[in-house]
Amino acid sequence: MMKKTKVLFICIHNSARSQMAEAWVNHLCGDKYQAESAGLEPGTLNPRVVKVMQEVGIDISHKQTRAVFDVVKAGTLFGYVVTVCDETSAERCPVFAGGTKRLHWSFPDPSALTGTEEEILAKTRDIRDMIKAQIQNWVVMQCGFSV
């Protein structure tokens, strides 16, 4: 049995972008990767994100937010640490030991969206789909196969 490469996704609150990225990796290529997520300042799981992920058959409603510094203290080794927030926030992320490769994929923050409920949900779906596309492209580059 091949050992899975561990991937950690980090954003500000671990309430939306990092949770979606974790879910997509585990859903699309969980046989090769084991994804987790954390936040710089953990908040509450975004209910709109839960809803738009359920629309594509992925249930993250049971997920809890957690602090990246708790992950650091646990000493888990990750093959990749991916920040999915803005560049300034990504600079606040801790350094991880070992051969960790750091990546930065900036996505809009669903909690900052404005408009009617339907407009916000539509924009959240767009972010969900952007994250999925980024992960699919990354897997192709890493493994040479598409998901």
# chains A, B, ... in the order shown; residues from 1 in each chain; ligands from 1
>>> residues_around(residues="stretch 8-19 of chain A", least_positions_apart="5", cutoff="7 Å", atoms="only C-alpha atoms", output="PDB file with N, CA and C atoms, in the first residue's frame")
ATOM      1  N   ALA A  35      -5.662  15.244   2.702  1.00  0.00           N
ATOM      2  CA  ALA A  35      -5.704  16.676   2.955  1.00  0.00           C
ATOM      3  C   ALA A  35      -6.307  16.993   4.308  1.00  0.00           C
ATOM      4  N   GLU A  36      -5.796  18.069   4.910  1.00  0.00           N
ATOM      5  CA  GLU A  36      -6.316  18.639   6.137  1.00  0.00           C
ATOM      6  C   GLU A  36      -6.369  20.146   5.930  1.00  0.00           C
ATOM      7  N   SER A  37      -6.997  20.843   6.863  1.00  0.00           N
ATOM      8  CA  SER A  37      -7.039  22.295   6.764  1.00  0.00           C
ATOM      9  C   SER A  37      -6.975  22.914   8.143  1.00  0.00           C
ATOM     10  N   ALA A  38      -6.578  24.195   8.172  1.00  0.00           N
ATOM     11  CA  ALA A  38      -6.479  24.936   9.416  1.00  0.00           C
ATOM     12  C   ALA A  38      -6.518  26.423   9.104  1.00  0.00           C
ATOM     13  N   GLY A  39      -6.660  27.223  10.163  1.00  0.00           N
ATOM     14  CA  GLY A  39      -6.735  28.661   9.982  1.00  0.00           C
ATOM     15  C   GLY A  39      -5.839  29.416  10.932  1.00  0.00           C
ATOM     16  N   LEU A  40      -5.481  30.634  10.537  1.00  0.00           N
ATOM     17  CA  LEU A  40      -4.672  31.484  11.395  1.00  0.00           C
ATOM     18  C   LEU A  40      -5.468  31.938  12.613  1.00  0.00           C
ATOM     19  N   GLU A  41      -6.742  32.210  12.407  1.00  0.00           N
ATOM     20  CA  GLU A  41      -7.659  32.633  13.474  1.00  0.00           C
ATOM     21  C   GLU A  41      -8.964  31.861  13.278  1.00  0.00           C
ATOM     22  N   PRO A  42      -9.033  30.605  13.723  1.00  0.00           N
ATOM     23  CA  PRO A  42     -10.195  29.769  13.424  1.00  0.00           C
ATOM     24  C   PRO A  42     -11.517  30.436  13.790  1.00  0.00           C
ATOM     25  N   GLY A  43     -12.464  30.290  12.898  1.00  0.00           N
ATOM     26  CA  GLY A  43     -13.785  30.871  13.098  1.00  0.00           C
ATOM     27  C   GLY A  43     -14.842  29.786  13.114  1.00  0.00           C
ATOM     28  N   THR A  44     -15.940  30.062  12.449  1.00  0.00           N
ATOM     29  CA  THR A  44     -17.061  29.141  12.358  1.00  0.00           C
ATOM     30  C   THR A  44     -17.239  28.733  10.910  1.00  0.00           C
ATOM     31  N   LEU A  45     -17.522  27.477  10.684  1.00  0.00           N
ATOM     32  CA  LEU A  45     -17.731  26.980   9.331  1.00  0.00           C
ATOM     33  C   LEU A  45     -18.820  27.792   8.635  1.00  0.00           C
ATOM     34  N   ASN A  46     -18.540  28.272   7.436  1.00  0.00           N
ATOM     35  CA  ASN A  46     -19.448  29.119   6.670  1.00  0.00           C
ATOM     36  C   ASN A  46     -20.612  28.270   6.141  1.00  0.00           C
ATOM     37  N   VAL A  49     -20.883  27.874   2.363  1.00  0.00           N
ATOM     38  CA  VAL A  49     -19.885  26.947   1.814  1.00  0.00           C
ATOM     39  C   VAL A  49     -20.366  25.515   1.995  1.00  0.00           C
ATOM     40  N   THR A  65     -13.525  23.855  12.628  1.00  0.00           N
ATOM     41  CA  THR A  65     -12.382  24.698  12.298  1.00  0.00           C
ATOM     42  C   THR A  65     -11.296  24.445  13.339  1.00  0.00           C
ATOM     43  N   ARG A  66     -10.050  24.665  12.932  1.00  0.00           N
ATOM     44  CA  ARG A  66      -8.955  24.481  13.889  1.00  0.00           C
ATOM     45  C   ARG A  66      -7.818  25.439  13.576  1.00  0.00           C
ATOM     46  N   PHE A  78       3.952  17.420   6.532  1.00  0.00           N
ATOM     47  CA  PHE A  78       3.165  17.580   5.323  1.00  0.00           C
ATOM     48  C   PHE A  78       4.085  17.682   4.120  1.00  0.00           C
ATOM     49  N   TYR A  80       2.997  19.084   1.378  1.00  0.00           N
ATOM     50  CA  TYR A  80       2.644  20.398   0.842  1.00  0.00           C
ATOM     51  C   TYR A  80       1.860  21.182   1.881  1.00  0.00           C
ATOM     52  N   VAL A  81       2.159  22.468   1.981  1.00  0.00           N
ATOM     53  CA  VAL A  81       1.354  23.411   2.742  1.00  0.00           C
ATOM     54  C   VAL A  81       0.931  24.476   1.749  1.00  0.00           C
ATOM     55  N   VAL A  82      -0.389  24.626   1.592  1.00  0.00           N
ATOM     56  CA  VAL A  82      -0.933  25.525   0.571  1.00  0.00           C
ATOM     57  C   VAL A  82      -1.764  26.609   1.252  1.00  0.00           C
ATOM     58  N   THR A  83      -1.360  27.852   1.069  1.00  0.00           N
ATOM     59  CA  THR A  83      -2.167  28.959   1.569  1.00  0.00           C
ATOM     60  C   THR A  83      -3.162  29.342   0.481  1.00  0.00           C
ATOM     61  N   VAL A  84      -4.407  29.552   0.894  1.00  0.00           N
ATOM     62  CA  VAL A  84      -5.466  29.865  -0.066  1.00  0.00           C
ATOM     63  C   VAL A  84      -6.111  31.223   0.225  1.00  0.00           C
ATOM     64  N   CYS A  85      -5.414  32.029   1.025  1.00  0.00           N
ATOM     65  CA  CYS A  85      -5.891  33.369   1.353  1.00  0.00           C
ATOM     66  C   CYS A  85      -5.086  34.394   0.545  1.00  0.00           C
ATOM     67  N   PRO A 110     -15.135  33.956   0.686  1.00  0.00           N
ATOM     68  CA  PRO A 110     -16.600  33.925   0.672  1.00  0.00           C
ATOM     69  C   PRO A 110     -17.247  34.758   1.780  1.00  0.00           C
TER      70      PRO A 110
END
>>> select_by_dssp(residues="stretch 19-130 of chain A", states="strand (DSSP E or B)", output="ChimeraX atom specification")
/A:33-39,67,80-83,101-104
>>> atom_distance(atom1="atom CA of A:Asp86", atom2="atom CA of A:Pro108")
7.9 Å
>>> closest_residue(among="A:Val71, A:Ala23, A:Val7, A:Leu77", to="A:Arg128", atoms="only C-alpha atoms")
A:Ala23
>>> closest_residue(among="A:Arg48, A:Lys6, A:Lys32, A:His27", to="A:Ile127", atoms="only C-alpha atoms")
A:Arg48
>>> select_by_dssp(residues="stretch 26-115 of chain A", states="helix (DSSP H, G or I)", output="count of residues only")
26
>>> closest_residue(among="A:Met2, A:Met141, A:Ile58, A:Val50", to="A:Gln34", atoms="only C-alpha atoms")
A:Met2
>>> closest_residue(among="A:Lys63, A:Val72, A:Ser106, A:Gln54", to="A:Met130", atoms="only C-alpha atoms")
A:Ser106
>>> atom_distance(atom1="atom CA of A:Ser111", atom2="atom CA of A:Asp70")
23.2 Å
>>> closest_residue(among="A:Pro47, A:Gly115, A:Gly30, A:Gly75", to="A:His62", atoms="only C-alpha atoms")
A:Pro47
>>> atom_distance(atom1="atom CA of A:Ala21", atom2="atom CA of A:Ala74")
21.2 Å
>>> closest_residue(among="A:Ile131, A:Val52, A:Cys29, A:Val140", to="A:Glu118", atoms="only C-alpha atoms")
A:Val52
>>> decode(residues="stretch 53-65 of chain A", atoms="C-alpha atoms", output="CSV table (one decimal), in the first residue's frame")
chain,number,residue,atom,x,y,z
A,53,MET,CA,-20.4,21.8,-1.4
A,54,GLN,CA,-23.5,19.7,-0.7
A,55,GLU,CA,-24.8,20.7,-4.1
A,56,VAL,CA,-21.9,18.8,-5.6
A,57,GLY,CA,-22.3,15.8,-3.3
A,58,ILE,CA,-19.6,16.7,-0.7
A,59,ASP,CA,-20.7,17.0,2.9
A,60,ILE,CA,-18.5,19.1,5.1
A,61,SER,CA,-21.2,20.0,7.6
A,62,HIS,CA,-19.4,17.8,10.3
A,63,LYS,CA,-16.1,19.6,9.9
A,64,GLN,CA,-14.7,21.7,12.7
A,65,THR,CA,-12.4,24.7,12.3
